[in-house]
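Each remark here refers to the structure printed beneath this line.
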2 protein chains.
Amino acid sequence: MNRFFLPAENTLGGQVLFPPETAHQIARVLRLRAGERVIVFDAFGIESRIVLTSVEAHAVVGEVEFQAPNTAEAPVDVWMYLCVSQREKFEWMLQKCTEVGAAGLAPVVSSRSLVQSLPELLKKTERWQRILQEASEQSGRGRIPKLLPPMHFEAALTQPAGDTLRVLTWEEENGQSLHALLKRHAAAHSVAVLVGPEGGFSPAEAGLAVAAGWQSVSLGARILRMETAAVVSAALVIDYYENQAQADLE
Amino acid sequence: MNRFFLPAENTLGGQVLFPPETAHQIARVLRLRAGERVIVFDAFGIESRIVLTSVEAHAVVGEVEFQAPNTAEAPVDVWMYLCVSQREKFEWMLQKCTEVGAAGLAPVVSSRSLVQSLPELLKKTERWQRILQEASEQSGRGRIPKLLPPMHFEAALTQPAGDTLRVLTWEEENGQSLHALLKRHAAAHSVAVLVGPEGGFSPAEAGLAVAAGWQSVSLGARILRMETAAVVSAALVIDYYENQAQADLE
């Protein structure tokens, strides 16, 4: 069944009024008709099955048939701090990290990033937000990850809240594996992962991160491209807390 | 340092003669000169540091300075059976699965695949082989994954050797997680993963696979696109055998 994000204010007493863009999607692109059903989810993790009662190009109305909490969210909040890269690659990372279940995403400008201007990046917020929403709708998630404003590397280092486990994926790390680090933090509820740009972090940047409390890890014996490191690290962290952390705590 | 695959027959008594394509890359693209060093690896997992002794457009010669076994290969052979998809997406899967460490890759035609003709797919072998080689060179691997010939879904089901753990990623599987299945096979040395096309396998196909001994698993609570499922499942399997299997065996 088609799934859409629906802001809570668009539901009133069991009646649903779809926002214009979603209405267009339902009426014109998918050509659904009154009587057909869709799933909507709000920002609070509630999912509803909706029967469409009226479908017109600019106004689609429905009625809530059934409501339940969404169960597809990860048991850990994973915040992906992604160095800004070439457009396609960066958008791909946003989409993939959303699919695998990241709680939030931050565009980071490091010394080796292609784009250096934050105002330039701010202009892309709307487009990125749409990517996050579509990937959330399509992957069955219960919420849209939070898109943090673009920030410089130094600001990213100080960002995540105090009890967040902070992980730096660094290809020159040969000691600690991500798995070993997670095992030592099996009770964590929030993990931030910083993924470097093409060419990696400079040794100075890695030093700053470690001094600020980030723990550098290796993602395995092979060197991953930036976008691969992003989706793989997000997936490994979520898989660990979904499937292994409980056993390690016992 | 730049890395290249070098067939064993190109080395003789400590002397190396690069094949024409690699010579072109060294001399014309990277513009390396005599005295500079590169890394080469062969099909047997041996890595050598080479000092270039003569660099000309069509003939580049070098000398072995140092040899050692490559240590970047996974402790498990992961065979990815990937349903053929739109060109870019499929090539992307080949690249990413090579990076994360797959031992072999097979293009599979299922009922919902876009391309159905095996001869049509065979024409792409050379191009795909180049993708595998480049991704191996770049990710520091010790060998190039094996590219199996394109095959129909039914043939893929009977392919992997008898003691290979055979895994079907199926979005309609709600019971067994990949992690739980791997835990029950912590001693496995070979794992085959079958990844469905867009729209997933048909229930009939999934039934055939299960009847043929494939075990269907879920990759988590979220629905992944085909290409995401491919790289994530390869990465999770390899991470499990690199970091967790030994502890589960004890």
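Here, A, B, ... name the chains of the structure tokens in the order displayed, residue numbers run from 1 inside each chain, and ligands are numbered from 1 in the same displayed order.
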Using only C-alpha atoms, which residues sit within 7 Å of segment 182-197 of chain B once same-chain residues fewer than 4 positions away are excluded, as a ChimeraX atom specification?
/B:76-85,112-113,160,164-169,178,201,226,230,245,248-249
Take the residues from that selection and put them in a file with C-alpha atoms, as a compact mmCIF listing (two decimals), in the first residue's frame.
```
# COMPACT_ATOMS: atom_id res chain seq x y z
CA VAL B 76 34.30 -15.94 4.78
CA ASP B 77 33.49 -16.31 1.10
CA VAL B 78 30.36 -14.32 0.34
CA TRP B 79 28.69 -14.99 -3.00
CA MET B 80 26.22 -12.34 -4.04
CA TYR B 81 23.47 -13.47 -6.42
CA LEU B 82 22.06 -10.19 -7.66
CA CYS B 83 18.97 -9.91 -9.80
CA VAL B 84 19.72 -7.84 -12.86
CA SER B 85 18.38 -4.33 -12.64
CA ARG B 112 10.61 -9.35 -12.57
CA SER B 113 14.03 -8.49 -14.04
CA PRO B 160 26.33 -22.76 -4.63
CA THR B 164 27.43 -23.06 1.45
CA LEU B 165 24.92 -21.33 3.73
CA ARG B 166 22.26 -20.03 1.35
CA VAL B 167 20.40 -16.88 2.29
CA LEU B 168 17.39 -15.34 0.59
CA THR B 169 16.75 -11.70 1.46
CA LEU B 178 19.95 -12.42 9.12
CA PHE B 201 10.68 -11.94 -5.64
CA MET B 226 17.37 -3.61 -3.93
CA ALA B 230 22.77 -5.89 -1.62
CA ALA B 245 31.46 -15.59 14.82
CA ASP B 248 29.68 -17.37 19.23
CA LEU B 249 31.65 -20.56 18.62
```
Closest atom pairs, residues of chain B within 8 Å of chain A, only C-alpha atoms, as a Markdown table:
```
| residue | atom | partner | partner_atom | distance |
| --- | --- | --- | --- | --- |
| B:Thr71 | CA | A:Ala221 | CA | 7.3 |
| B:Ala72 | CA | A:Ala221 | CA | 4.6 |
| B:Glu73 | CA | A:Ala221 | CA | 7.2 |
| B:Ala74 | CA | A:Ala221 | CA | 7.8 |
| B:Lys96 | CA | A:Thr228 | CA | 6.8 |
| B:Glu99 | CA | A:Leu224 | CA | 6.1 |
| B:Val100 | CA | A:Arg222 | CA | 6.7 |
| B:Gly101 | CA | A:Arg222 | CA | 7.2 |
| B:Gln138 | CA | A:Ile223 | CA | 7.4 |
| B:Ser139 | CA | A:Ile223 | CA | 4.4 |
| B:Gly140 | CA | A:Arg222 | CA | 5.7 |
| B:Arg141 | CA | A:Arg222 | CA | 6.3 |
| B:His179 | CA | A:Asn243 | CA | 6.5 |
| B:Ala180 | CA | A:Asn243 | CA | 7.8 |
| B:Gly220 | CA | A:Asp239 | CA | 7.5 |
| B:Ala221 | CA | A:Ala72 | CA | 4.6 |
| B:Arg222 | CA | A:Ser139 | CA | 5.4 |
| B:Ile223 | CA | A:Ser139 | CA | 4.4 |
| B:Leu224 | CA | A:Ser139 | CA | 6.0 |
| B:Arg225 | CA | A:Ser139 | CA | 7.8 |
| B:Thr228 | CA | A:Lys96 | CA | 6.7 |
| B:Val231 | CA | A:Val232 | CA | 7.6 |
| B:Val232 | CA | A:Val232 | CA | 6.2 |
| B:Ala235 | CA | A:Val232 | CA | 6.6 |
| B:Leu236 | CA | A:Leu236 | CA | 6.7 |
| B:Asp239 | CA | A:Gly220 | CA | 7.6 |
| B:Asn243 | CA | A:His179 | CA | 6.6 |
```
Could you save the residues just selected, with C-alpha atoms, as a PDB file, in the first residue's frame?
```
ATOM      1  CA  THR B  71      45.545  -9.238   4.708  1.00  0.00           C
ATOM      2  CA  ALA B  72      42.383  -7.454   3.549  1.00  0.00           C
ATOM      3  CA  GLU B  73      40.377 -10.480   2.471  1.00  0.00           C
ATOM      4  CA  ALA B  74      37.337 -11.524   4.517  1.00  0.00           C
ATOM      5  CA  LYS B  96      29.876  -1.800  -3.655  1.00  0.00           C
ATOM      6  CA  GLU B  99      34.417  -2.964  -1.931  1.00  0.00           C
ATOM      7  CA  VAL B 100      32.878  -4.555   1.138  1.00  0.00           C
ATOM      8  CA  GLY B 101      34.606  -7.827   0.289  1.00  0.00           C
ATOM      9  CA  GLN B 138      40.918   0.859  -4.966  1.00  0.00           C
ATOM     10  CA  SER B 139      39.683  -0.876  -1.822  1.00  0.00           C
ATOM     11  CA  GLY B 140      42.957  -2.622  -1.057  1.00  0.00           C
ATOM     12  CA  ARG B 141      41.678  -6.118  -1.671  1.00  0.00           C
ATOM     13  CA  HIS B 179      21.814 -12.073  12.403  1.00  0.00           C
ATOM     14  CA  ALA B 180      19.942 -14.992  14.022  1.00  0.00           C
ATOM     15  CA  GLY B 220      15.610  -5.410   9.661  1.00  0.00           C
ATOM     16  CA  ALA B 221      12.302  -3.677  10.203  1.00  0.00           C
ATOM     17  CA  ARG B 222      12.703  -1.303   7.292  1.00  0.00           C
ATOM     18  CA  ILE B 223      12.178  -2.092   3.626  1.00  0.00           C
ATOM     19  CA  LEU B 224      15.419  -1.598   1.707  1.00  0.00           C
ATOM     20  CA  ARG B 225      15.712  -0.855  -1.965  1.00  0.00           C
ATOM     21  CA  THR B 228      20.757  -1.065  -0.476  1.00  0.00           C
ATOM     22  CA  VAL B 231      25.500  -3.803  -0.016  1.00  0.00           C
ATOM     23  CA  VAL B 232      24.006  -4.015   3.489  1.00  0.00           C
ATOM     24  CA  ALA B 235      28.535  -5.995   4.767  1.00  0.00           C
ATOM     25  CA  LEU B 236      26.541  -7.599   7.617  1.00  0.00           C
ATOM     26  CA  ASP B 239      31.189  -8.125   9.629  1.00  0.00           C
ATOM     27  CA  ASN B 243      34.031  -9.804  14.405  1.00  0.00           C
TER      28      ASN B 243
END
```
For Ala8 of chain B: contacts at 9 Å, only C-alpha atoms, fewer than 5 positions along chain excluded, given as a PyMOL selection string:
chain B and resi 41-44
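Among B:Glu172, B:Glu65, B:Glu88, B:Glu9, the residue with the shortest atom-to-atom distance to Gly207 of chain B, counting only C-alpha atoms, is B:Glu172.
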DSSP on the backbone, then: every residue of segment 23-241 of chain B marked strand (DSSP E or B), written as an MDAnalysis selection string.
chainID B and resid 37:41 46:56 59:69 77:83 104:109 146:147 151:152 165:169 177 190:195 215:218
Long-range neighbours of Ser48 of chain B as a PyMOL selection string, 7 Å cut-off, only C-alpha atoms, 5 positions minimum in chain
chain B and resi 39-41+64+66-68
Any chance you could export the current selection's N, CA, C and O atoms as a short mmCIF file (atom, residue, chain, number, x, y, z; two decimals), in the first residue's frame?
```
data_model
loop_
_atom_site.label_atom_id
_atom_site.label_comp_id
_atom_site.auth_asym_id
_atom_site.auth_seq_id
_atom_site.Cartn_x
_atom_site.Cartn_y
_atom_site.Cartn_z
N ILE B 39 51.83 -0.47 -5.79
CA ILE B 39 51.55 -1.79 -5.20
C ILE B 39 50.85 -2.63 -6.27
O ILE B 39 49.97 -2.12 -6.96
N VAL B 40 51.21 -3.90 -6.38
CA VAL B 40 50.45 -4.80 -7.25
C VAL B 40 50.01 -6.01 -6.43
O VAL B 40 50.62 -6.36 -5.43
N PHE B 41 48.87 -6.58 -6.86
CA PHE B 41 48.45 -7.83 -6.21
C PHE B 41 48.06 -8.82 -7.30
O PHE B 41 47.62 -8.43 -8.37
N VAL B 64 60.39 -5.91 -8.19
CA VAL B 64 59.78 -6.18 -6.88
C VAL B 64 60.74 -5.77 -5.78
O VAL B 64 61.90 -6.18 -5.76
N PHE B 66 59.45 -5.72 -2.39
CA PHE B 66 58.98 -6.29 -1.14
C PHE B 66 57.70 -7.06 -1.44
O PHE B 66 56.88 -6.61 -2.23
N GLN B 67 57.56 -8.23 -0.82
CA GLN B 67 56.35 -9.04 -1.04
C GLN B 67 55.77 -9.51 0.27
O GLN B 67 56.51 -9.83 1.20
N ALA B 68 54.45 -9.57 0.33
CA ALA B 68 53.79 -10.09 1.54
C ALA B 68 52.38 -10.51 1.18
O ALA B 68 51.81 -10.02 0.20
#
```
Find the distance between atom CA of Pro20 of chain A and atom CA of Ile144 of chain A and write it in Å to one decimal.
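Between these atoms lies a distance of 18.7 Å.
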The residue from A:Gly213, A:Pro107, A:Gly62, A:Gly200 with the smallest atom-to-atom distance to Leu148 of chain A, counting only C-alpha atoms, is A:Pro107
What are the DSSP helix (DSSP H, G or I) residues of segment 32-128 of chain B, as a count of residues only?
23
